[in-house]
Amino acid sequence: MTNSSEAVRFPDSFIWGAATASYQIEGAAQDDGRGPSIWDTFSRTPGKVHAGHTGDVACDHYHRYPDDVALMSELGLHTYRFSIAWPRIQPDGTGPVNPRGLDFYDRLVDELRGRGIEPIVTLYHWDLPQTLEDRGGWTNRETAEAFAEYARAVHTRLGDRVNTWTTLNEPWCSAYLGYGAGVHAPGRTDPAAVFQAVHHLLLGHGLANQALRAAGVSTLGITVNPTSAFPVDPASEADAEAVHLVEGLQNRIFLDPILRGGYPADMLAHVSRFTSLEHIRDGDEKIIGEPIDLLGINYYSPTYLTASDGAPGGGGAFPGTEGIEFVAPAQPLTDMGWQIQPSGLTALLTKLGRDYPGVPMIITENGAAFPDQLHPDGDRVEDTDRVDYLDGHLRAAHDAIAAGVDLRGYLVWSLLDNFEWAYGYDKRFGIVYVDYLTQRRVPKASARWYQEVIRRNGID
Ligand code: FCB
């Protein structure tokens, strides 16, 4: 492991960037024909989101994007990962395309390219059109088919200027948090629905992959949030089995069909405890397993597991894990209560590199929430805790590269403070502070630090 005072340099071609997502920053929820999404509905459901916050205004990025792109340019970002709001493009999820919705992304892409910043598009970062949810959402196979149609429509408009396409962001969260734990939209708590959603999300990815390839896309991927899970007792066989099951539910159930041609047998057996497997049709795994060029990895914190009789397991987020204790995170913690452990990133990347060789990886999200305070001068935020977090995780990423992992880039979550889902505006992940009353942006110390990292292509 690199010593925290040692200088590190990244490969010359390493890509530096920042990430955001449509519902978290855009606002303009009613503008230019945008239809309602499941997050509009969920955030309006009493008790679901901190203090009743919604994404109605968020960072008002929809109107302020030229300034935000100017800021990205000032920071020296090579790339910017953003997501497209499906309900702007097809307000009802299917059917006619709304050209005014596409116009916004058209302008954004031109602005980025005009500043030499390469766009990375995420087609789905959780804002499903509500009309589709009304028909079953991701538990309905038709949503997967609709997703491919939508992907094609976006590509038709942006394909001449966007080179890197990713389908889904963190399908684990969409399926398990949205349909199992009920803490994300649409807020359902049904394990059968979880596993139907897993499959239809994967199928949607595969169908979109086929549609985009047919349209000529050459760089295509998906972003996942695999667990970096450890046994409490490395010598315990039961703890190792607990890790294997949780990795199955969060990692292998997605990555094996995408990168190894099919579901792992133990996961099919696990799923069949909750639902028949009829929703998995002959030929689906072939579609899901179409080659990808890039695997996006989001990493924030590790998970510790131990087998323990009577332990409740991970609840709706991990159906069927009774008898496993998800150990409370140890210090130090972020403002989310997430354990800070950079070596969890090195371990994850090296494991994935071993288990799924041949596909380049990029860190599509990494970052931390801290209770930032705007300095009384109003012009700075001294977020040294975030600088330490990023410093540690970049060194950890560098360790993985040194160990032979094909890691192509790093995107910080997030460019801006934003709507942190069920936590609303209460959690700040940005390297740029957002004053939500005035919409003023104030680059934090971490933004200046990151600017230097990019300039030097490393840390001193
Ligand atoms: C990830 C999400 C992203 C953000 C971070 C903190 O799970 O992809 O939108 O909320 O967590």
# chains A, B, ... in the order shown; residues from 1 in each chain; ligands from 1
call {"tool": "residues_near_ligand", "arguments": {"ligand": "ligand 1", "cutoff": "10 Å", "atoms": "only C-alpha atoms and all ligand atoms", "output": "ChimeraX atom specification"}}
result
/A:19-24,83,125-126,168-174,223-225,298-300,336,364-369,413-414,418-424,427-430
call {"tool": "write_last_selection", "arguments": {"atoms": "C-alpha atoms", "output": "short mmCIF file (atom, residue, chain, number, x, y, z; two decimals), in the first residue's frame"}}
result
data_model
loop_
_atom_site.label_atom_id
_atom_site.label_comp_id
_atom_site.auth_asym_id
_atom_site.auth_seq_id
_atom_site.Cartn_x
_atom_site.Cartn_y
_atom_site.Cartn_z
CA ALA A 19 -20.39 12.75 -11.96
CA THR A 20 -23.96 13.88 -11.32
CA ALA A 21 -27.46 12.56 -12.05
CA SER A 22 -30.47 14.21 -13.64
CA TYR A 23 -33.02 14.15 -10.80
CA GLN A 24 -30.37 15.15 -8.27
CA SER A 83 -27.63 11.11 -16.75
CA HIS A 125 -30.07 6.96 -13.06
CA TRP A 126 -33.34 6.01 -11.36
CA LEU A 168 -27.89 1.73 -16.01
CA ASN A 169 -26.56 3.24 -12.83
CA GLU A 170 -26.43 0.79 -9.90
CA PRO A 171 -29.22 -1.63 -10.82
CA TRP A 172 -28.78 -3.14 -7.32
CA CYS A 173 -30.22 0.07 -5.83
CA SER A 174 -33.06 0.25 -8.36
CA THR A 223 -22.24 1.13 -13.84
CA VAL A 224 -22.64 -1.17 -10.84
CA ASN A 225 -22.07 -0.76 -7.11
CA ASN A 298 -19.11 2.96 -7.77
CA TYR A 299 -17.46 2.51 -4.38
CA TYR A 300 -18.07 4.30 -1.09
CA MET A 336 -23.92 9.17 5.82
CA THR A 364 -17.75 6.14 -12.09
CA GLU A 365 -18.43 7.33 -8.51
CA ASN A 366 -16.45 7.76 -5.31
CA GLY A 367 -16.77 10.50 -2.74
CA ALA A 368 -18.15 11.39 0.66
CA ALA A 369 -20.73 13.49 2.46
CA TRP A 413 -19.15 11.97 -6.78
CA SER A 414 -20.14 14.69 -7.00
CA ASN A 418 -27.33 17.88 -4.66
CA PHE A 419 -30.56 16.03 -3.83
CA GLU A 420 -29.25 12.95 -2.03
CA TRP A 421 -32.34 10.77 -2.63
CA ALA A 422 -34.08 9.85 0.66
CA TYR A 423 -31.75 12.25 2.52
CA GLY A 424 -32.83 15.22 0.43
CA LYS A 427 -26.20 15.44 2.84
CA ARG A 428 -23.54 17.27 0.88
CA PHE A 429 -21.36 15.21 -1.47
CA GLY A 430 -20.17 18.02 -3.76
#
call {"tool": "closest_atom_pairs", "arguments": {"of": "range 266-325 of chain A", "to": "range 204-222 of chain A", "cutoff": "12 Å", "atoms": "only C-alpha atoms", "output": "CSV"}}
result
residue,atom,partner,partner_atom,distance
A:Gly283,CA,A:Gly206,CA,11.1
A:Asp284,CA,A:Gly206,CA,8.4
A:Glu285,CA,A:Gly206,CA,8.7
A:Lys286,CA,A:Gly206,CA,8.5
A:Ile287,CA,A:Gly206,CA,5.1
A:Ile288,CA,A:Gly206,CA,4.1
A:Gly289,CA,A:Gly206,CA,7.0
A:Glu290,CA,A:Gly206,CA,6.6
A:Pro291,CA,A:Asn209,CA,8.5
A:Ile292,CA,A:Gly221,CA,5.3
A:Asp293,CA,A:Leu220,CA,5.4
A:Leu294,CA,A:Gly221,CA,4.7
A:Leu295,CA,A:Gly221,CA,5.5
A:Gly296,CA,A:Ile222,CA,5.8
A:Ile297,CA,A:Ile222,CA,8.7
A:Asn298,CA,A:Ile222,CA,10.8
call {"tool": "closest_residue", "arguments": {"among": "A:Phe147, A:Thr438, A:His63, A:Ile89", "to": "Leu108 in chain A", "atoms": "only C-alpha atoms"}}
result
A:His63
call {"tool": "select_by_dssp", "arguments": {"residues": "range 291-433 of chain A", "states": "strand (DSSP E or B)", "output": "PyMOL selection string"}}
result
chain A and resi 294-298+303-307+324-326+333+339+361-365+407-413+416+432-433
call {"tool": "closest_residue", "arguments": {"among": "A:Tyr389, A:Trp338, A:Phe326, A:Tyr105", "to": "Arg157 in chain A", "atoms": "only C-alpha atoms"}}
result
A:Tyr105
call {"tool": "atom_distance", "arguments": {"atom1": "CA of Ile459 in chain A", "atom2": "CA of Arg9 in chain A"}}
result
6.7 Å
call {"tool": "residues_around", "arguments": {"residues": "range 185-190 of chain A", "least_positions_apart": "6", "cutoff": "8 Å", "atoms": "only C-alpha atoms", "output": "ChimeraX atom specification"}}
result
/A:38-39,41-42,133,174,177-179,316
call {"tool": "write_last_selection", "arguments": {"atoms": "all heavy atoms", "output": "mmCIF file, in the first residue's frame"}}
result
data_model
loop_
_atom_site.group_PDB
_atom_site.id
_atom_site.type_symbol
_atom_site.label_atom_id
_atom_site.label_comp_id
_atom_site.auth_asym_id
_atom_site.auth_seq_id
_atom_site.Cartn_x
_atom_site.Cartn_y
_atom_site.Cartn_z
ATOM 1 N N ILE A 38 -40.834 8.449 -11.080
ATOM 2 C CA ILE A 38 -41.128 7.805 -9.793
ATOM 3 C C ILE A 38 -40.538 8.595 -8.630
ATOM 4 O O ILE A 38 -41.045 8.530 -7.522
ATOM 5 C CB ILE A 38 -40.649 6.329 -9.751
ATOM 6 C CG1 ILE A 38 -39.169 6.193 -10.097
ATOM 7 C CG2 ILE A 38 -41.489 5.503 -10.710
ATOM 8 C CD1 ILE A 38 -38.619 4.744 -9.924
ATOM 9 N N TRP A 39 -39.482 9.371 -8.884
ATOM 10 C CA TRP A 39 -38.909 10.161 -7.785
ATOM 11 C C TRP A 39 -39.748 11.400 -7.479
ATOM 12 O O TRP A 39 -39.752 11.876 -6.348
ATOM 13 C CB TRP A 39 -37.428 10.497 -8.035
ATOM 14 C CG TRP A 39 -36.590 9.384 -7.468
ATOM 15 C CD1 TRP A 39 -36.081 8.311 -8.134
ATOM 16 C CD2 TRP A 39 -36.241 9.193 -6.084
ATOM 17 N NE1 TRP A 39 -35.432 7.471 -7.261
ATOM 18 C CE2 TRP A 39 -35.502 7.988 -6.002
ATOM 19 C CE3 TRP A 39 -36.466 9.919 -4.911
ATOM 20 C CZ2 TRP A 39 -34.993 7.496 -4.791
ATOM 21 C CZ3 TRP A 39 -35.961 9.435 -3.709
ATOM 22 C CH2 TRP A 39 -35.240 8.239 -3.649
ATOM 23 N N THR A 41 -43.002 11.315 -7.582
ATOM 24 C CA THR A 41 -44.075 10.719 -6.782
ATOM 25 C C THR A 41 -43.576 10.377 -5.376
ATOM 26 O O THR A 41 -44.214 10.700 -4.376
ATOM 27 C CB THR A 41 -44.587 9.431 -7.466
ATOM 28 O OG1 THR A 41 -44.889 9.739 -8.826
ATOM 29 C CG2 THR A 41 -45.806 8.872 -6.766
ATOM 30 N N PHE A 42 -42.431 9.721 -5.327
ATOM 31 C CA PHE A 42 -41.893 9.238 -4.051
ATOM 32 C C PHE A 42 -41.572 10.409 -3.124
ATOM 33 O O PHE A 42 -41.874 10.379 -1.923
ATOM 34 C CB PHE A 42 -40.624 8.426 -4.337
ATOM 35 C CG PHE A 42 -40.089 7.650 -3.165
ATOM 36 C CD1 PHE A 42 -40.752 6.533 -2.684
ATOM 37 C CD2 PHE A 42 -38.888 8.012 -2.564
ATOM 38 C CE1 PHE A 42 -40.239 5.792 -1.617
ATOM 39 C CE2 PHE A 42 -38.367 7.278 -1.500
ATOM 40 C CZ PHE A 42 -39.051 6.168 -1.031
ATOM 41 N N GLU A 133 -44.110 2.888 -14.194
ATOM 42 C CA GLU A 133 -44.279 2.272 -12.867
ATOM 43 C C GLU A 133 -45.739 1.866 -12.659
ATOM 44 O O GLU A 133 -46.026 0.810 -12.078
ATOM 45 C CB GLU A 133 -43.816 3.225 -11.763
ATOM 46 C CG GLU A 133 -43.952 2.672 -10.346
ATOM 47 C CD GLU A 133 -43.226 1.335 -10.131
ATOM 48 O OE1 GLU A 133 -42.161 1.115 -10.744
ATOM 49 O OE2 GLU A 133 -43.761 0.514 -9.360
ATOM 50 N N SER A 174 -31.727 0.187 -7.744
ATOM 51 C CA SER A 174 -33.060 0.250 -8.358
ATOM 52 C C SER A 174 -33.911 -0.920 -7.891
ATOM 53 O O SER A 174 -35.064 -0.746 -7.491
ATOM 54 C CB SER A 174 -32.961 0.213 -9.888
ATOM 55 O OG SER A 174 -32.245 1.311 -10.369
ATOM 56 N N LEU A 177 -33.326 -1.555 -3.323
ATOM 57 C CA LEU A 177 -33.773 -0.431 -2.476
ATOM 58 C C LEU A 177 -35.136 0.070 -2.916
ATOM 59 O O LEU A 177 -35.931 0.539 -2.102
ATOM 60 C CB LEU A 177 -32.747 0.714 -2.501
ATOM 61 C CG LEU A 177 -31.346 0.358 -1.996
ATOM 62 C CD1 LEU A 177 -30.439 1.585 -2.001
ATOM 63 C CD2 LEU A 177 -31.395 -0.264 -0.593
ATOM 64 N N GLY A 178 -35.412 -0.029 -4.232
ATOM 65 C CA GLY A 178 -36.679 0.467 -4.763
ATOM 66 C C GLY A 178 -37.847 -0.494 -4.582
ATOM 67 O O GLY A 178 -38.963 -0.079 -4.289
ATOM 68 N N TYR A 179 -37.589 -1.810 -4.751
ATOM 69 C CA TYR A 179 -38.688 -2.784 -4.728
ATOM 70 C C TYR A 179 -38.649 -3.712 -3.505
ATOM 71 O O TYR A 179 -39.589 -4.454 -3.275
ATOM 72 C CB TYR A 179 -38.667 -3.629 -6.013
ATOM 73 C CG TYR A 179 -39.031 -2.823 -7.246
ATOM 74 C CD1 TYR A 179 -38.072 -2.094 -7.949
ATOM 75 C CD2 TYR A 179 -40.361 -2.752 -7.686
ATOM 76 C CE1 TYR A 179 -38.405 -1.337 -9.070
ATOM 77 C CE2 TYR A 179 -40.702 -2.002 -8.809
ATOM 78 C CZ TYR A 179 -39.722 -1.293 -9.493
ATOM 79 O OH TYR A 179 -40.066 -0.544 -10.587
ATOM 80 N N GLY A 316 -35.077 -6.021 3.696
ATOM 81 C CA GLY A 316 -35.588 -5.999 2.330
ATOM 82 C C GLY A 316 -34.520 -5.742 1.282
ATOM 83 O O GLY A 316 -34.702 -6.063 0.104
#
call {"tool": "atom_distance", "arguments": {"atom1": "CA of Leu203 in chain A", "atom2": "CA of Gly248 in chain A"}}
result
18.2 Å
call {"tool": "select_by_dssp", "arguments": {"residues": "range 105-182 of chain A", "states": "alpha helix (DSSP H)", "output": "number ranges by chain"}}
result
A: 105-114, 130-134, 141-158, 171-172
call {"tool": "closest_residue", "arguments": {"among": "A:Cys59, A:Leu352, A:Ile454, A:Ala193", "to": "Leu437 in chain A", "atoms": "only C-alpha atoms"}}
result
A:Cys59
call {"tool": "residues_around", "arguments": {"residues": "Asp67 in chain A", "least_positions_apart": "2", "cutoff": "12 Å", "atoms": "only C-alpha atoms", "output": "MDAnalysis selection string"}}
result
chainID A and resid 59:65 69:74 108 111:112 115 439:441
call {"tool": "write_last_selection", "arguments": {"atoms": "N, CA and C atoms", "output": "compact mmCIF listing (two decimals), in the first residue's frame"}}
result
# COMPACT_ATOMS: atom_id res chain seq x y z
N CYS A 59 -30.43 21.87 -8.04
CA CYS A 59 -29.36 22.85 -8.26
C CYS A 59 -29.70 23.76 -9.44
N ASP A 60 -30.90 23.64 -9.94
CA ASP A 60 -31.34 24.42 -11.10
C ASP A 60 -30.34 24.32 -12.26
N HIS A 61 -29.71 23.17 -12.35
CA HIS A 61 -28.71 22.96 -13.39
C HIS A 61 -29.32 23.08 -14.80
N TYR A 62 -30.61 22.77 -14.90
CA TYR A 62 -31.29 22.85 -16.20
C TYR A 62 -31.13 24.25 -16.81
N HIS A 63 -31.14 25.26 -15.94
CA HIS A 63 -30.98 26.63 -16.43
C HIS A 63 -29.55 27.14 -16.29
N ARG A 64 -28.81 26.57 -15.37
CA ARG A 64 -27.47 27.10 -15.06
C ARG A 64 -26.35 26.29 -15.67
N TYR A 65 -26.67 25.37 -16.57
CA TYR A 65 -25.63 24.47 -17.06
C TYR A 65 -24.44 25.19 -17.70
N VAL A 69 -20.77 24.14 -16.50
CA VAL A 69 -19.76 23.60 -17.41
C VAL A 69 -18.51 24.48 -17.37
N ALA A 70 -18.67 25.77 -17.22
CA ALA A 70 -17.51 26.66 -17.10
C ALA A 70 -16.69 26.28 -15.85
N LEU A 71 -17.39 25.95 -14.79
CA LEU A 71 -16.72 25.52 -13.56
C LEU A 71 -15.95 24.21 -13.78
N MET A 72 -16.57 23.29 -14.49
CA MET A 72 -15.88 22.02 -14.80
C MET A 72 -14.59 22.29 -15.56
N SER A 73 -14.70 23.23 -16.48
CA SER A 73 -13.54 23.55 -17.30
C SER A 73 -12.44 24.18 -16.45
N GLU A 74 -12.85 25.05 -15.55
CA GLU A 74 -11.88 25.69 -14.65
C GLU A 74 -11.16 24.62 -13.81
N LEU A 108 -26.36 20.90 -23.69
CA LEU A 108 -25.36 20.54 -22.67
C LEU A 108 -24.14 19.88 -23.33
N GLU A 111 -22.08 22.40 -25.16
CA GLU A 111 -21.35 23.24 -24.20
C GLU A 111 -20.10 22.48 -23.70
N LEU A 112 -20.29 21.21 -23.36
CA LEU A 112 -19.17 20.40 -22.87
C LEU A 112 -18.10 20.28 -23.94
N ARG A 115 -15.89 23.09 -24.63
CA ARG A 115 -14.84 23.31 -23.62
C ARG A 115 -13.87 22.14 -23.55
N GLN A 439 -28.62 29.65 -5.05
CA GLN A 439 -28.04 28.83 -6.12
C GLN A 439 -26.59 29.21 -6.42
N ARG A 440 -25.96 29.92 -5.50
CA ARG A 440 -24.55 30.26 -5.72
C ARG A 440 -23.70 29.00 -5.55
N ARG A 441 -22.69 28.86 -6.39
CA ARG A 441 -21.74 27.75 -6.31
C ARG A 441 -20.45 28.27 -5.68
call {"tool": "residues_around", "arguments": {"residues": "Gly392 in chain A", "least_positions_apart": "3", "cutoff": "10 Å", "atoms": "only C-alpha atoms", "output": "list in words"}}
result
Thr2, Asn3, Ser4, Ile340, Gln341, Pro342, Ser343, Leu345, Arg386, Val387, Asp388, Tyr389, Arg395, Ala396, Ala397 and His398 of chain A
call {"tool": "residues_around", "arguments": {"residues": "range 263-277 of chain A", "least_positions_apart": "4", "cutoff": "7 Å", "atoms": "only C-alpha atoms", "output": "list of chain:residue names"}}
result
A:Pro191, A:Ala192, A:Phe195, A:Gly248, A:Ile253, A:Asp256, A:Pro257
call {"tool": "residues_around", "arguments": {"residues": "Ser37 in chain A", "least_positions_apart": "5", "cutoff": "8 Å", "atoms": "only C-alpha atoms", "output": "list in words"}}
result
Pro87, Asp127, Leu128, Pro129, Gln130 and Thr131 of chain A
call {"tool": "write_last_selection", "arguments": {"atoms": "all heavy atoms", "output": "tab-separated table (two decimals), in the first residue's frame"}}
result
chain	number	residue	atom	x	y	z
A	87	PRO	N	-38.06	10.78	-18.44
A	87	PRO	CA	-39.35	11.48	-18.60
A	87	PRO	C	-39.27	12.84	-19.31
A	87	PRO	O	-40.29	13.42	-19.64
A	87	PRO	CB	-39.84	11.68	-17.16
A	87	PRO	CG	-38.73	11.33	-16.26
A	87	PRO	CD	-37.67	10.62	-17.04
A	127	ASP	N	-34.68	7.73	-12.51
A	127	ASP	CA	-35.92	8.51	-12.66
A	127	ASP	C	-36.82	7.90	-13.74
A	127	ASP	O	-37.02	8.46	-14.82
A	127	ASP	CB	-35.64	10.00	-12.92
A	127	ASP	CG	-34.46	10.26	-13.85
A	127	ASP	OD1	-33.86	9.29	-14.36
A	127	ASP	OD2	-34.14	11.44	-14.06
A	128	LEU	N	-37.39	6.75	-13.40
A	128	LEU	CA	-38.31	6.05	-14.31
A	128	LEU	C	-39.58	6.87	-14.52
A	128	LEU	O	-40.15	7.38	-13.56
A	128	LEU	CB	-38.69	4.69	-13.70
A	128	LEU	CG	-39.51	3.76	-14.59
A	128	LEU	CD1	-38.64	3.17	-15.70
A	128	LEU	CD2	-40.14	2.63	-13.76
A	129	PRO	N	-40.05	6.97	-15.77
A	129	PRO	CA	-41.35	7.63	-15.98
A	129	PRO	C	-42.44	6.96	-15.13
A	129	PRO	O	-42.55	5.73	-15.12
A	129	PRO	CB	-41.60	7.46	-17.47
A	129	PRO	CG	-40.23	7.35	-18.07
A	129	PRO	CD	-39.42	6.60	-17.04
A	130	GLN	N	-43.23	7.76	-14.45
A	130	GLN	CA	-44.25	7.22	-13.54
A	130	GLN	C	-45.25	6.33	-14.28
A	130	GLN	O	-45.73	5.33	-13.73
A	130	GLN	CB	-44.98	8.38	-12.83
A	130	GLN	CG	-46.06	7.95	-11.86
A	130	GLN	CD	-45.53	7.10	-10.71
A	130	GLN	OE1	-44.51	7.43	-10.11
A	130	GLN	NE2	-46.22	6.02	-10.39
A	131	THR	N	-45.55	6.68	-15.52
A	131	THR	CA	-46.51	5.87	-16.29
A	131	THR	C	-46.05	4.42	-16.39
A	131	THR	O	-46.86	3.50	-16.37
A	131	THR	CB	-46.66	6.44	-17.72
A	131	THR	OG1	-46.60	7.84	-17.64
A	131	THR	CG2	-47.94	6.01	-18.37
call {"tool": "decode", "arguments": {"residues": "range 220-237 of chain A", "atoms": "N, CA and C atoms", "output": "mmCIF file, in the first residue's frame"}}
result
data_model
loop_
_atom_site.group_PDB
_atom_site.id
_atom_site.type_symbol
_atom_site.label_atom_id
_atom_site.label_comp_id
_atom_site.auth_asym_id
_atom_site.auth_seq_id
_atom_site.Cartn_x
_atom_site.Cartn_y
_atom_site.Cartn_z
ATOM 1 N N LEU A 220 -19.347 1.199 -24.881
ATOM 2 C CA LEU A 220 -20.600 1.008 -24.161
ATOM 3 C C LEU A 220 -20.349 0.247 -22.866
ATOM 4 N N GLY A 221 -21.021 0.679 -21.801
ATOM 5 C CA GLY A 221 -20.836 0.005 -20.518
ATOM 6 C C GLY A 221 -22.037 0.128 -19.625
ATOM 7 N N ILE A 222 -21.829 -0.265 -18.380
ATOM 8 C CA ILE A 222 -22.860 -0.192 -17.349
ATOM 9 C C ILE A 222 -22.141 0.144 -16.049
ATOM 10 N N THR A 223 -22.831 0.817 -15.145
ATOM 11 C CA THR A 223 -22.243 1.126 -13.840
ATOM 12 C C THR A 223 -22.924 0.293 -12.760
ATOM 13 N N VAL A 224 -22.110 -0.378 -11.952
ATOM 14 C CA VAL A 224 -22.644 -1.171 -10.837
ATOM 15 C C VAL A 224 -22.029 -0.683 -9.519
ATOM 16 N N ASN A 225 -22.649 -1.087 -8.423
ATOM 17 C CA ASN A 225 -22.070 -0.763 -7.109
ATOM 18 C C ASN A 225 -21.830 -2.052 -6.334
ATOM 19 N N PRO A 226 -20.814 -2.790 -6.744
ATOM 20 C CA PRO A 226 -20.567 -4.075 -6.092
ATOM 21 C C PRO A 226 -20.169 -3.876 -4.638
ATOM 22 N N THR A 227 -20.557 -4.842 -3.819
ATOM 23 C CA THR A 227 -20.150 -4.749 -2.423
ATOM 24 C C THR A 227 -18.684 -5.157 -2.307
ATOM 25 N N SER A 228 -17.979 -4.482 -1.404
ATOM 26 C CA SER A 228 -16.640 -4.924 -1.033
ATOM 27 C C SER A 228 -16.807 -5.512 0.353
ATOM 28 N N ALA A 229 -17.093 -6.813 0.394
ATOM 29 C CA ALA A 229 -17.527 -7.450 1.635
ATOM 30 C C ALA A 229 -16.416 -8.292 2.239
ATOM 31 N N PHE A 230 -16.322 -8.247 3.561
ATOM 32 C CA PHE A 230 -15.276 -8.972 4.287
ATOM 33 C C PHE A 230 -15.898 -9.790 5.410
ATOM 34 N N PRO A 231 -15.319 -10.965 5.674
ATOM 35 C CA PRO A 231 -15.775 -11.745 6.830
ATOM 36 C C PRO A 231 -15.202 -11.138 8.104
ATOM 37 N N VAL A 232 -15.984 -11.143 9.175
ATOM 38 C CA VAL A 232 -15.446 -10.656 10.448
ATOM 39 C C VAL A 232 -14.290 -11.556 10.876
ATOM 40 N N ASP A 233 -14.493 -12.868 10.711
ATOM 41 C CA ASP A 233 -13.439 -13.817 11.067
ATOM 42 C C ASP A 233 -12.933 -14.489 9.798
ATOM 43 N N PRO A 234 -11.744 -14.094 9.350
ATOM 44 C CA PRO A 234 -11.230 -14.647 8.091
ATOM 45 C C PRO A 234 -11.044 -16.164 8.138
ATOM 46 N N ALA A 235 -11.025 -16.737 9.339
ATOM 47 C CA ALA A 235 -10.819 -18.185 9.436
ATOM 48 C C ALA A 235 -12.134 -18.960 9.477
ATOM 49 N N SER A 236 -13.271 -18.230 9.534
ATOM 50 C CA SER A 236 -14.548 -18.915 9.705
ATOM 51 C C SER A 236 -15.182 -19.272 8.363
ATOM 52 N N GLU A 237 -15.501 -20.550 8.207
ATOM 53 C CA GLU A 237 -16.153 -20.995 6.978
ATOM 54 C C GLU A 237 -17.557 -20.385 6.855
#
